[in-house]
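Trainee: Got a structure for you, written out below as structure tokens; questions coming shortly.
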Amino acid sequence: MKQREPKYTLFRLLRRTMRADAGPTRSAAEEGAAWMSHERAREGVQATSEAAARMASTVSRHRAMVDSIADRTRAASMRAKDLLLALGRLREPWERLGLVALNTSLEGARLGETAGHAMQLVSEEVRAHVGRGEEGVREVSATASDTVRELEQLHAMLEQTRSMAIDLTEEVGQVAGAASATEQALTELRERLQKATGTDPETARAIAQATEHATQLVSALGALSTRVPRDLLVQSLRPVLEPLGRFLGDPGAEGESSPR
Amino acid sequence: MNTESGIIFRVGETHSFLPAEIARQILALPRITPIPGAPRWCVGLAVVHGNPTAIVSAEPEMPLHVLVLSMYAGETLGLGITEVIAAGAFPRDQDGNVVGPSGPVRDFDFASLYARVRQSEWRAFEEAPSTRILVP
């Protein structure tokens, strides 16, 4: 029986691999691509889930802040209303003082020009002060009324903001729920993919990489064999390629004794 | 120059002069209790210095904020007005009008108002439901 020549066996094996592995290589590549898509989907869902949690936390802080501002606005509105009431009470003494001045003036006129002149002067002076005092109270009251009105508008706007924050909280909760459901679906998908392919993401990635390297190696050897004499090529590459040959085995070597 | 003591006041937009012989005192308008069936010029009753006093007004539909305690024909009446413009001694022009801070003002016709209040019909019982005493 003629002994098999190792240098040709190796090339046969590589050629056969190139020819026969077109199907399985594509399958391994597709599996690798599927696993990579799965990984990207998983990372995306995880990022979405984390972002939803951060958003929920931010919205919660936002709601607390809006509540606090609404409480302070309500308190400020109450104080402004108290101020208005106090100003209303302040208006009455001014009005009474004005009436006293008018009565003084009337009495002074009744007493006559000589006897009542001093009373008339005092009355005029008091009425002038009363007029300024009433004007001041009116201005402060108008400002306080504007403040009350603006605070009430601000409070209404804060209520709207609070309502929107509640809606936002619900929506963020829905996003978090959807992300969780997707994560669960991806876990199921991973298990089914593992069952269907017998691989896992790490193995699939390694196989894809090895396939790519092997393809490149075969291409390089093919290109090299057109320029370098085959004997010289086999001799120089044998130390490197023999372990690969042993690793791959040579199931189709029986019956073949010469290179093509 | 001939002057006259009294007050110049307004009810709504109508300015008038009331002499000091009638206008005795100027007060804030007290709480007034309406009198059912009274003439429209009789606004109601109020307690002034502890005494029940009839409050009258020439234009009761106008806003009333001030009470002029008045003495007329030996009776004390409260005249409801909107605002006192001025009090003191005022000159009269050749037409007989008092000249106030914002120009000539006609005398308030207190006599006419007093007559209207006195002569009007009081309809206190006209619209009251009829009562019947049932004897068993």
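So you can find residues: chains in the structure tokens are A, B, ... in the order shown, residues in each start at 1, and ligands are numbered from 1 in order.
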If you run DSSP over the backbone, which residues in region 8-121 of chain B end up strand (DSSP E)? Put them as a compact mmCIF listing (two decimals) with N, CA and C atoms, in the first residue's frame.
Mentor:
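See selection.txt below for the written result:
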```txt
# COMPACT_ATOMS: atom_id res chain seq x y z
N ILE B 8 -70.37 121.02 50.62
CA ILE B 8 -70.63 120.70 49.21
C ILE B 8 -70.45 119.19 49.08
N PHE B 9 -71.44 118.55 48.55
CA PHE B 9 -71.38 117.08 48.47
C PHE B 9 -71.87 116.62 47.10
N ARG B 10 -71.70 115.33 46.87
CA ARG B 10 -72.24 114.77 45.62
C ARG B 10 -73.00 113.49 45.92
N VAL B 11 -74.04 113.27 45.10
CA VAL B 11 -74.74 111.98 45.10
C VAL B 11 -74.68 111.51 43.65
N THR B 14 -74.08 114.30 40.80
CA THR B 14 -74.75 115.58 41.07
C THR B 14 -74.14 116.24 42.30
N HIS B 15 -73.59 117.46 42.11
CA HIS B 15 -73.00 118.20 43.21
C HIS B 15 -74.04 119.19 43.77
N SER B 16 -74.06 119.31 45.10
CA SER B 16 -75.03 120.21 45.74
C SER B 16 -74.40 120.83 46.98
N PHE B 17 -75.08 121.93 47.43
CA PHE B 17 -74.62 122.62 48.65
C PHE B 17 -75.72 122.48 49.71
N LEU B 18 -75.32 122.18 50.95
CA LEU B 18 -76.27 122.09 52.07
C LEU B 18 -75.77 123.03 53.16
N PRO B 19 -76.57 124.02 53.57
CA PRO B 19 -76.09 124.99 54.57
C PRO B 19 -75.88 124.36 55.94
N ALA B 23 -77.05 120.94 57.85
CA ALA B 23 -76.01 119.90 58.01
C ALA B 23 -75.38 120.06 59.38
N ARG B 24 -75.67 119.08 60.27
CA ARG B 24 -75.16 119.20 61.64
C ARG B 24 -73.85 118.42 61.85
N GLN B 25 -73.81 117.28 61.22
CA GLN B 25 -72.62 116.43 61.43
C GLN B 25 -72.44 115.49 60.24
N ILE B 26 -71.17 115.16 59.96
CA ILE B 26 -70.87 114.23 58.85
C ILE B 26 -70.37 112.92 59.47
N LEU B 27 -70.99 111.83 59.06
CA LEU B 27 -70.66 110.51 59.65
C LEU B 27 -70.50 109.47 58.54
N ALA B 28 -69.82 108.39 58.92
CA ALA B 28 -69.80 107.23 58.00
C ALA B 28 -71.19 106.62 57.98
N CYS B 42 -87.06 107.26 51.26
CA CYS B 42 -86.74 106.86 52.64
C CYS B 42 -85.96 105.55 52.56
N VAL B 43 -84.64 105.65 52.73
CA VAL B 43 -83.77 104.49 52.53
C VAL B 43 -83.97 103.45 53.63
N GLY B 44 -84.24 103.94 54.85
CA GLY B 44 -84.46 103.00 55.96
C GLY B 44 -84.22 103.67 57.30
N LEU B 45 -83.98 102.82 58.27
CA LEU B 45 -83.75 103.32 59.63
C LEU B 45 -82.36 102.91 60.08
N ALA B 46 -81.70 103.82 60.85
CA ALA B 46 -80.38 103.49 61.39
C ALA B 46 -80.27 104.07 62.80
N VAL B 47 -79.44 103.46 63.60
CA VAL B 47 -79.21 103.99 64.96
C VAL B 47 -78.00 104.92 64.89
N VAL B 48 -78.28 106.22 65.17
CA VAL B 48 -77.21 107.22 65.12
C VAL B 48 -77.10 107.85 66.51
N ASN B 51 -79.82 106.88 68.79
CA ASN B 51 -81.22 107.20 68.47
C ASN B 51 -81.61 106.63 67.11
N PRO B 52 -82.80 106.01 67.01
CA PRO B 52 -83.26 105.57 65.69
C PRO B 52 -83.54 106.79 64.80
N THR B 53 -82.95 106.78 63.63
CA THR B 53 -83.02 107.95 62.75
C THR B 53 -83.43 107.49 61.35
N ALA B 54 -84.33 108.22 60.74
CA ALA B 54 -84.73 107.91 59.35
C ALA B 54 -83.66 108.41 58.39
N ILE B 55 -83.29 107.54 57.47
CA ILE B 55 -82.27 107.91 56.49
C ILE B 55 -82.97 108.16 55.16
N VAL B 56 -82.75 109.35 54.60
CA VAL B 56 -83.39 109.71 53.33
C VAL B 56 -82.33 110.01 52.28
N VAL B 66 -71.77 108.11 52.81
CA VAL B 66 -71.62 109.08 53.91
C VAL B 66 -73.02 109.51 54.36
N LEU B 67 -73.11 109.77 55.66
CA LEU B 67 -74.39 110.24 56.23
C LEU B 67 -74.20 111.66 56.75
N VAL B 68 -75.10 112.55 56.32
CA VAL B 68 -75.09 113.92 56.86
C VAL B 68 -76.27 114.01 57.83
N LEU B 69 -75.92 114.09 59.10
CA LEU B 69 -76.98 114.20 60.11
C LEU B 69 -77.55 115.62 60.01
N SER B 70 -78.85 115.69 59.68
CA SER B 70 -79.43 116.99 59.35
C SER B 70 -80.59 117.33 60.29
N MET B 71 -80.78 118.62 60.45
CA MET B 71 -81.90 119.09 61.28
C MET B 71 -82.78 119.96 60.38
N TYR B 72 -84.06 119.53 60.24
CA TYR B 72 -84.96 120.30 59.37
C TYR B 72 -86.37 120.26 59.98
N GLU B 75 -86.93 118.37 63.04
CA GLU B 75 -86.75 116.91 63.02
C GLU B 75 -85.32 116.57 62.63
N THR B 76 -84.82 115.48 63.21
CA THR B 76 -83.49 115.01 62.84
C THR B 76 -83.63 113.93 61.78
N LEU B 77 -82.94 114.13 60.67
CA LEU B 77 -82.97 113.17 59.55
C LEU B 77 -81.53 112.89 59.10
N GLY B 78 -81.34 111.69 58.62
CA GLY B 78 -80.03 111.37 58.06
C GLY B 78 -80.10 111.45 56.55
N LEU B 79 -79.20 112.24 55.94
CA LEU B 79 -79.19 112.36 54.48
C LEU B 79 -78.05 111.48 53.93
N GLY B 80 -78.43 110.49 53.20
CA GLY B 80 -77.41 109.60 52.61
C GLY B 80 -76.83 110.21 51.35
N ILE B 81 -75.51 110.31 51.28
CA ILE B 81 -74.85 110.88 50.09
C ILE B 81 -73.66 109.99 49.70
N GLU B 83 -70.42 111.36 48.67
CA GLU B 83 -69.14 111.89 49.15
C GLU B 83 -69.27 113.36 49.51
N VAL B 84 -68.56 113.78 50.56
CA VAL B 84 -68.48 115.21 50.86
C VAL B 84 -67.28 115.76 50.11
N ILE B 85 -67.52 116.79 49.30
CA ILE B 85 -66.42 117.38 48.53
C ILE B 85 -65.66 118.38 49.39
N ALA B 86 -66.39 119.23 50.11
CA ALA B 86 -65.74 120.27 50.94
C ALA B 86 -66.70 120.71 52.03
N ALA B 87 -66.11 121.20 53.11
CA ALA B 87 -66.93 121.77 54.21
C ALA B 87 -66.28 123.08 54.61
N GLY B 88 -67.09 124.06 54.94
CA GLY B 88 -66.53 125.36 55.34
C GLY B 88 -67.42 126.49 54.89
N ALA B 89 -66.80 127.66 54.71
CA ALA B 89 -67.54 128.86 54.27
C ALA B 89 -67.26 129.09 52.79
N PHE B 90 -68.32 129.25 51.99
CA PHE B 90 -68.15 129.38 50.53
C PHE B 90 -68.83 130.66 50.04
N PRO B 91 -68.23 131.33 49.09
CA PRO B 91 -68.88 132.54 48.53
C PRO B 91 -70.01 132.15 47.58
N VAL B 98 -73.50 128.67 45.16
CA VAL B 98 -72.28 128.61 45.99
C VAL B 98 -71.12 128.21 45.09
N VAL B 99 -69.97 128.88 45.30
CA VAL B 99 -68.80 128.54 44.48
C VAL B 99 -67.88 127.62 45.30
N GLY B 100 -67.82 126.41 44.87
CA GLY B 100 -66.97 125.42 45.56
C GLY B 100 -65.63 125.24 44.86
N GLY B 103 -66.18 124.74 41.14
CA GLY B 103 -67.10 125.61 40.43
C GLY B 103 -68.42 125.82 41.17
N PRO B 104 -69.35 126.55 40.52
CA PRO B 104 -70.62 126.86 41.18
C PRO B 104 -71.48 125.61 41.39
N VAL B 105 -72.17 125.62 42.53
CA VAL B 105 -72.98 124.46 42.92
C VAL B 105 -74.35 124.96 43.36
N ARG B 106 -75.41 124.27 42.94
CA ARG B 106 -76.77 124.66 43.35
C ARG B 106 -77.04 124.23 44.79
N ASP B 107 -77.97 124.92 45.43
CA ASP B 107 -78.39 124.53 46.79
C ASP B 107 -79.18 123.23 46.72
```
Trainee: Just the residues within 12 Å of region 170-175 of chain A, please, counting only C-alpha atoms, with nothing from its chain fewer than 5 positions along; format it as a ChimeraX atom specification.
Mentor: /A:45-60,163-165,180-182
Trainee: Convert the current residue selection to file output with all heavy atoms, as a tab-separated table (two decimals), in the first residue's frame.
Mentor:
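The result, written out as part10.tsv:
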```
chain	number	residue	atom	x	y	z
A	45	VAL	N	-32.03	47.29	25.11
A	45	VAL	CA	-33.14	47.18	26.07
A	45	VAL	C	-32.65	47.53	27.48
A	45	VAL	O	-33.34	48.22	28.24
A	45	VAL	CB	-33.74	45.76	26.02
A	45	VAL	CG1	-34.64	45.52	27.22
A	45	VAL	CG2	-34.53	45.59	24.76
A	46	GLN	N	-31.44	47.08	27.78
A	46	GLN	CA	-30.88	47.37	29.12
A	46	GLN	C	-30.69	48.88	29.28
A	46	GLN	O	-31.02	49.45	30.33
A	46	GLN	CB	-29.54	46.65	29.27
A	46	GLN	CG	-29.08	46.59	30.72
A	46	GLN	CD	-27.86	45.70	30.88
A	46	GLN	OE1	-27.43	45.04	29.93
A	46	GLN	NE2	-27.31	45.69	32.06
A	47	ALA	N	-30.15	49.52	28.20
A	47	ALA	CA	-29.96	50.98	28.26
A	47	ALA	C	-31.30	51.68	28.41
A	47	ALA	O	-31.43	52.64	29.18
A	47	ALA	CB	-29.26	51.45	26.99
A	48	THR	N	-32.32	51.20	27.69
A	48	THR	CA	-33.66	51.80	27.79
A	48	THR	C	-34.22	51.66	29.20
A	48	THR	O	-34.79	52.60	29.77
A	48	THR	CB	-34.62	51.12	26.79
A	48	THR	OG1	-34.02	51.15	25.51
A	48	THR	CG2	-35.96	51.81	26.75
A	49	SER	N	-34.02	50.47	29.76
A	49	SER	CA	-34.52	50.19	31.11
A	49	SER	C	-33.84	51.11	32.12
A	49	SER	O	-34.50	51.69	32.99
A	49	SER	CB	-34.24	48.73	31.43
A	49	SER	OG	-34.82	48.40	32.65
A	50	GLU	N	-32.51	51.26	31.97
A	50	GLU	CA	-31.78	52.14	32.90
A	50	GLU	C	-32.20	53.59	32.72
A	50	GLU	O	-32.39	54.33	33.71
A	50	GLU	CB	-30.28	51.99	32.67
A	50	GLU	CG	-29.72	50.67	33.22
A	50	GLU	CD	-28.31	50.40	32.75
A	50	GLU	OE1	-27.70	51.28	32.09
A	50	GLU	OE2	-27.81	49.30	33.04
A	51	ALA	N	-32.39	54.01	31.46
A	51	ALA	CA	-32.82	55.39	31.20
A	51	ALA	C	-34.21	55.64	31.78
A	51	ALA	O	-34.47	56.70	32.35
A	51	ALA	CB	-32.82	55.66	29.69
A	52	ALA	N	-35.10	54.65	31.67
A	52	ALA	CA	-36.45	54.78	32.21
A	52	ALA	C	-36.39	54.93	33.73
A	52	ALA	O	-37.13	55.74	34.31
A	52	ALA	CB	-37.30	53.58	31.83
A	53	ALA	N	-35.50	54.16	34.36
A	53	ALA	CA	-35.36	54.26	35.82
A	53	ALA	C	-34.85	55.64	36.21
A	53	ALA	O	-35.35	56.26	37.17
A	53	ALA	CB	-34.40	53.18	36.33
A	54	ARG	N	-33.87	56.15	35.44
A	54	ARG	CA	-33.33	57.50	35.74
A	54	ARG	C	-34.42	58.55	35.52
A	54	ARG	O	-34.56	59.48	36.33
A	54	ARG	CB	-32.13	57.79	34.84
A	54	ARG	CG	-30.84	57.11	35.27
A	54	ARG	CD	-29.63	57.76	34.59
A	54	ARG	NE	-29.70	57.69	33.15
A	54	ARG	CZ	-29.29	56.67	32.41
A	54	ARG	NH1	-28.76	55.60	33.01
A	54	ARG	NH2	-29.39	56.69	31.12
A	55	MET	N	-35.20	58.38	34.43
A	55	MET	CA	-36.28	59.34	34.15
A	55	MET	C	-37.31	59.32	35.27
A	55	MET	O	-37.80	60.37	35.70
A	55	MET	CB	-36.95	59.00	32.82
A	55	MET	CG	-36.21	59.54	31.63
A	55	MET	SD	-36.88	58.89	30.10
A	55	MET	CE	-38.43	59.74	30.00
A	56	ALA	N	-37.64	58.12	35.74
A	56	ALA	CA	-38.63	58.00	36.83
A	56	ALA	C	-38.13	58.72	38.06
A	56	ALA	O	-38.89	59.44	38.73
A	56	ALA	CB	-38.89	56.54	37.13
A	57	SER	N	-36.84	58.57	38.34
A	57	SER	CA	-36.26	59.24	39.51
A	57	SER	C	-36.30	60.76	39.34
A	57	SER	O	-36.68	61.50	40.25
A	57	SER	CB	-34.82	58.75	39.69
A	57	SER	OG	-34.15	59.55	40.60
A	58	THR	N	-35.94	61.21	38.12
A	58	THR	CA	-35.93	62.66	37.85
A	58	THR	C	-37.34	63.23	37.94
A	58	THR	O	-37.57	64.29	38.54
A	58	THR	CB	-35.35	62.93	36.44
A	58	THR	OG1	-34.08	62.30	36.36
A	58	THR	CG2	-35.20	64.42	36.18
A	59	VAL	N	-38.29	62.51	37.36
A	59	VAL	CA	-39.69	62.99	37.38
A	59	VAL	C	-40.21	63.03	38.82
A	59	VAL	O	-40.92	63.96	39.20
A	59	VAL	CB	-40.58	62.08	36.49
A	59	VAL	CG1	-42.05	62.37	36.71
A	59	VAL	CG2	-40.25	62.29	35.04
A	60	SER	N	-39.79	62.05	39.61
A	60	SER	CA	-40.22	62.02	41.01
A	60	SER	C	-39.67	63.24	41.76
A	60	SER	O	-40.41	63.90	42.50
A	60	SER	CB	-39.71	60.72	41.64
A	60	SER	OG	-39.98	60.72	43.00
A	163	SER	N	-50.03	68.06	37.08
A	163	SER	CA	-50.83	67.08	36.33
A	163	SER	C	-49.99	66.46	35.21
A	163	SER	O	-50.03	65.25	34.97
A	163	SER	CB	-52.06	67.80	35.77
A	163	SER	OG	-52.71	67.00	34.87
A	164	MET	N	-49.20	67.31	34.52
A	164	MET	CA	-48.34	66.81	33.44
A	164	MET	C	-47.28	65.87	33.99
A	164	MET	O	-46.94	64.86	33.36
A	164	MET	CB	-47.68	67.98	32.71
A	164	MET	CG	-48.63	68.73	31.78
A	164	MET	SD	-48.07	70.37	31.37
A	164	MET	CE	-46.69	69.99	30.33
A	165	ALA	N	-46.75	66.20	35.17
A	165	ALA	CA	-45.73	65.33	35.79
A	165	ALA	C	-46.31	63.96	36.14
A	165	ALA	O	-45.65	62.93	35.99
A	165	ALA	CB	-45.17	66.01	37.03
A	180	SER	N	-38.89	45.98	30.36
A	180	SER	CA	-38.78	44.76	31.16
A	180	SER	C	-39.33	43.56	30.37
A	180	SER	O	-38.72	42.47	30.35
A	180	SER	CB	-39.55	44.96	32.47
A	180	SER	OG	-39.58	43.77	33.19
A	181	ALA	N	-40.49	43.78	29.70
A	181	ALA	CA	-41.10	42.70	28.92
A	181	ALA	C	-40.18	42.30	27.76
A	181	ALA	O	-40.00	41.10	27.46
A	181	ALA	CB	-42.45	43.14	28.38
A	182	THR	N	-39.58	43.28	27.13
A	182	THR	CA	-38.66	43.01	26.01
A	182	THR	C	-37.44	42.24	26.50
A	182	THR	O	-36.95	41.32	25.84
A	182	THR	CB	-38.23	44.33	25.35
A	182	THR	OG1	-39.37	45.11	25.09
A	182	THR	CG2	-37.48	44.08	24.06
```
Trainee: Report as CSV: every residue of chain A with an atom at most 12 Å from chain B, its closest pair of atoms, and their distance in Å to one decimal, counting only C-alpha atoms, with rows sorted by chain and ascending residue number.
Mentor:
```
residue,atom,partner,partner_atom,distance
A:Glu92,CA,B:Ala28,CA,9.5
A:Pro93,CA,B:Ala28,CA,10.8
A:Trp94,CA,B:Ala28,CA,11.5
A:Glu95,CA,B:Ala28,CA,8.1
A:Arg96,CA,B:Ala28,CA,7.1
A:Leu97,CA,B:Ala28,CA,10.5
A:Gly98,CA,B:Val84,CA,9.8
A:Leu99,CA,B:Ile26,CA,6.2
A:Val100,CA,B:Ile26,CA,7.9
A:Ala101,CA,B:Ala87,CA,8.9
A:Leu102,CA,B:Ala87,CA,5.6
A:Asn103,CA,B:Ile26,CA,6.0
A:Thr104,CA,B:Ala87,CA,8.6
A:Ser105,CA,B:Gly88,CA,5.2
A:Leu106,CA,B:Gly88,CA,4.9
A:Glu107,CA,B:Gly88,CA,7.8
A:Gly108,CA,B:Gly88,CA,7.0
A:Ala109,CA,B:Gly88,CA,4.8
A:Arg110,CA,B:Ser5,CA,6.1
A:Leu111,CA,B:Ser5,CA,9.3
A:Gly112,CA,B:Ala89,CA,8.3
A:Glu113,CA,B:Ala89,CA,8.1
A:Thr114,CA,B:Ala89,CA,11.8
A:Gly116,CA,B:Gly88,CA,9.5
A:His117,CA,B:Gly88,CA,9.9
A:Met119,CA,B:Gly88,CA,10.0
A:Gln120,CA,B:Gly88,CA,7.3
A:Leu121,CA,B:Gly88,CA,10.6
A:Ser123,CA,B:Ala87,CA,9.4
A:Glu124,CA,B:Ala87,CA,9.7
A:Arg127,CA,B:Ala86,CA,10.0
```
Trainee: May I have the residues from that selection written out with N, CA and C atoms, as an mmCIF file, in the first residue's frame?
Mentor:
```cif
data_model
loop_
_atom_site.group_PDB
_atom_site.id
_atom_site.type_symbol
_atom_site.label_atom_id
_atom_site.label_comp_id
_atom_site.auth_asym_id
_atom_site.auth_seq_id
_atom_site.Cartn_x
_atom_site.Cartn_y
_atom_site.Cartn_z
ATOM 1 N N GLU A 92 -60.341 102.221 56.696
ATOM 2 C CA GLU A 92 -61.449 102.767 57.494
ATOM 3 C C GLU A 92 -60.999 103.919 58.405
ATOM 4 N N PRO A 93 -59.888 103.766 59.190
ATOM 5 C CA PRO A 93 -59.472 104.890 60.029
ATOM 6 C C PRO A 93 -59.151 106.162 59.245
ATOM 7 N N TRP A 94 -58.580 105.977 58.041
ATOM 8 C CA TRP A 94 -58.317 107.149 57.211
ATOM 9 C C TRP A 94 -59.625 107.835 56.840
ATOM 10 N N GLU A 95 -60.625 107.046 56.470
ATOM 11 C CA GLU A 95 -61.921 107.625 56.092
ATOM 12 C C GLU A 95 -62.554 108.353 57.273
ATOM 13 N N ARG A 96 -62.451 107.717 58.459
ATOM 14 C CA ARG A 96 -63.024 108.350 59.672
ATOM 15 C C ARG A 96 -62.301 109.659 59.983
ATOM 16 N N LEU A 97 -60.975 109.636 59.829
ATOM 17 C CA LEU A 97 -60.188 110.838 60.094
ATOM 18 C C LEU A 97 -60.573 111.953 59.116
ATOM 19 N N GLY A 98 -60.828 111.556 57.869
ATOM 20 C CA GLY A 98 -61.269 112.541 56.871
ATOM 21 C C GLY A 98 -62.598 113.160 57.253
ATOM 22 N N LEU A 99 -63.512 112.331 57.794
ATOM 23 C CA LEU A 99 -64.814 112.855 58.229
ATOM 24 C C LEU A 99 -64.646 113.797 59.429
ATOM 25 N N VAL A 100 -63.725 113.441 60.331
ATOM 26 C CA VAL A 100 -63.449 114.318 61.485
ATOM 27 C C VAL A 100 -62.966 115.674 60.982
ATOM 28 N N ALA A 101 -62.065 115.640 59.984
ATOM 29 C CA ALA A 101 -61.550 116.900 59.443
ATOM 30 C C ALA A 101 -62.672 117.718 58.807
ATOM 31 N N LEU A 102 -63.590 117.037 58.101
ATOM 32 C CA LEU A 102 -64.714 117.746 57.467
ATOM 33 C C LEU A 102 -65.625 118.378 58.532
ATOM 34 N N ASN A 103 -65.872 117.610 59.599
ATOM 35 C CA ASN A 103 -66.707 118.155 60.691
ATOM 36 C C ASN A 103 -66.023 119.348 61.362
ATOM 37 N N THR A 104 -64.705 119.248 61.531
ATOM 38 C CA THR A 104 -63.955 120.362 62.124
ATOM 39 C C THR A 104 -64.105 121.607 61.243
ATOM 40 N N SER A 105 -63.999 121.390 59.931
ATOM 41 C CA SER A 105 -64.121 122.501 58.993
ATOM 42 C C SER A 105 -65.523 123.116 59.052
ATOM 43 N N LEU A 106 -66.549 122.226 59.154
ATOM 44 C CA LEU A 106 -67.932 122.694 59.244
ATOM 45 C C LEU A 106 -68.152 123.509 60.525
ATOM 46 N N GLU A 107 -67.603 123.001 61.628
ATOM 47 C CA GLU A 107 -67.742 123.717 62.905
ATOM 48 C C GLU A 107 -67.006 125.052 62.851
ATOM 49 N N GLY A 108 -65.815 125.019 62.232
ATOM 50 C CA GLY A 108 -65.045 126.264 62.102
ATOM 51 C C GLY A 108 -65.826 127.285 61.296
ATOM 52 N N ALA A 109 -66.481 126.862 60.217
ATOM 53 C CA ALA A 109 -67.280 127.772 59.388
ATOM 54 C C ALA A 109 -68.465 128.306 60.182
ATOM 55 N N ARG A 110 -69.026 127.467 61.024
ATOM 56 C CA ARG A 110 -70.176 127.860 61.840
ATOM 57 C C ARG A 110 -69.774 128.930 62.868
ATOM 58 N N LEU A 111 -68.521 128.809 63.361
ATOM 59 C CA LEU A 111 -68.043 129.769 64.360
ATOM 60 C C LEU A 111 -67.746 131.134 63.740
ATOM 61 N N GLY A 112 -67.584 131.176 62.448
ATOM 62 C CA GLY A 112 -67.276 132.447 61.795
ATOM 63 C C GLY A 112 -65.825 132.520 61.382
ATOM 64 N N GLU A 113 -65.525 133.540 60.520
ATOM 65 C CA GLU A 113 -64.196 133.608 59.926
ATOM 66 C C GLU A 113 -63.098 133.832 60.961
ATOM 67 N N THR A 114 -63.371 134.652 61.970
ATOM 68 C CA THR A 114 -62.324 134.964 62.950
ATOM 69 C C THR A 114 -62.114 133.802 63.908
ATOM 70 N N GLY A 116 -63.268 130.738 63.798
ATOM 71 C CA GLY A 116 -63.103 129.379 63.242
ATOM 72 C C GLY A 116 -61.948 129.228 62.297
ATOM 73 N N HIS A 117 -61.151 130.287 62.129
ATOM 74 C CA HIS A 117 -60.080 130.227 61.137
ATOM 75 C C HIS A 117 -59.051 129.126 61.460
ATOM 76 N N MET A 119 -59.494 126.470 63.205
ATOM 77 C CA MET A 119 -60.069 125.132 62.964
ATOM 78 C C MET A 119 -60.061 124.792 61.481
ATOM 79 N N GLN A 120 -60.329 125.799 60.668
ATOM 80 C CA GLN A 120 -60.313 125.574 59.216
ATOM 81 C C GLN A 120 -58.920 125.149 58.743
ATOM 82 N N LEU A 121 -57.897 125.858 59.305
ATOM 83 C CA LEU A 121 -56.525 125.540 58.897
ATOM 84 C C LEU A 121 -56.137 124.115 59.278
ATOM 85 N N SER A 123 -58.164 121.675 59.855
ATOM 86 C CA SER A 123 -58.958 120.743 59.050
ATOM 87 C C SER A 123 -58.330 120.531 57.675
ATOM 88 N N GLU A 124 -57.906 121.618 57.041
ATOM 89 C CA GLU A 124 -57.298 121.504 55.707
ATOM 90 C C GLU A 124 -56.020 120.670 55.750
ATOM 91 N N ARG A 127 -56.922 117.060 56.292
ATOM 92 C CA ARG A 127 -57.504 116.484 55.063
ATOM 93 C C ARG A 127 -56.427 116.199 54.014
#
```
Trainee: Go ahead and compute the interatomic distance for CA of Pro34 (chain B) and CA of Arg116 (chain B), in Å to one decimal.
Mentor: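 Taking CA of Pro34 (chain B) as the start and CA of Arg116 (chain B) as the end point, the length is 17.6 Å.
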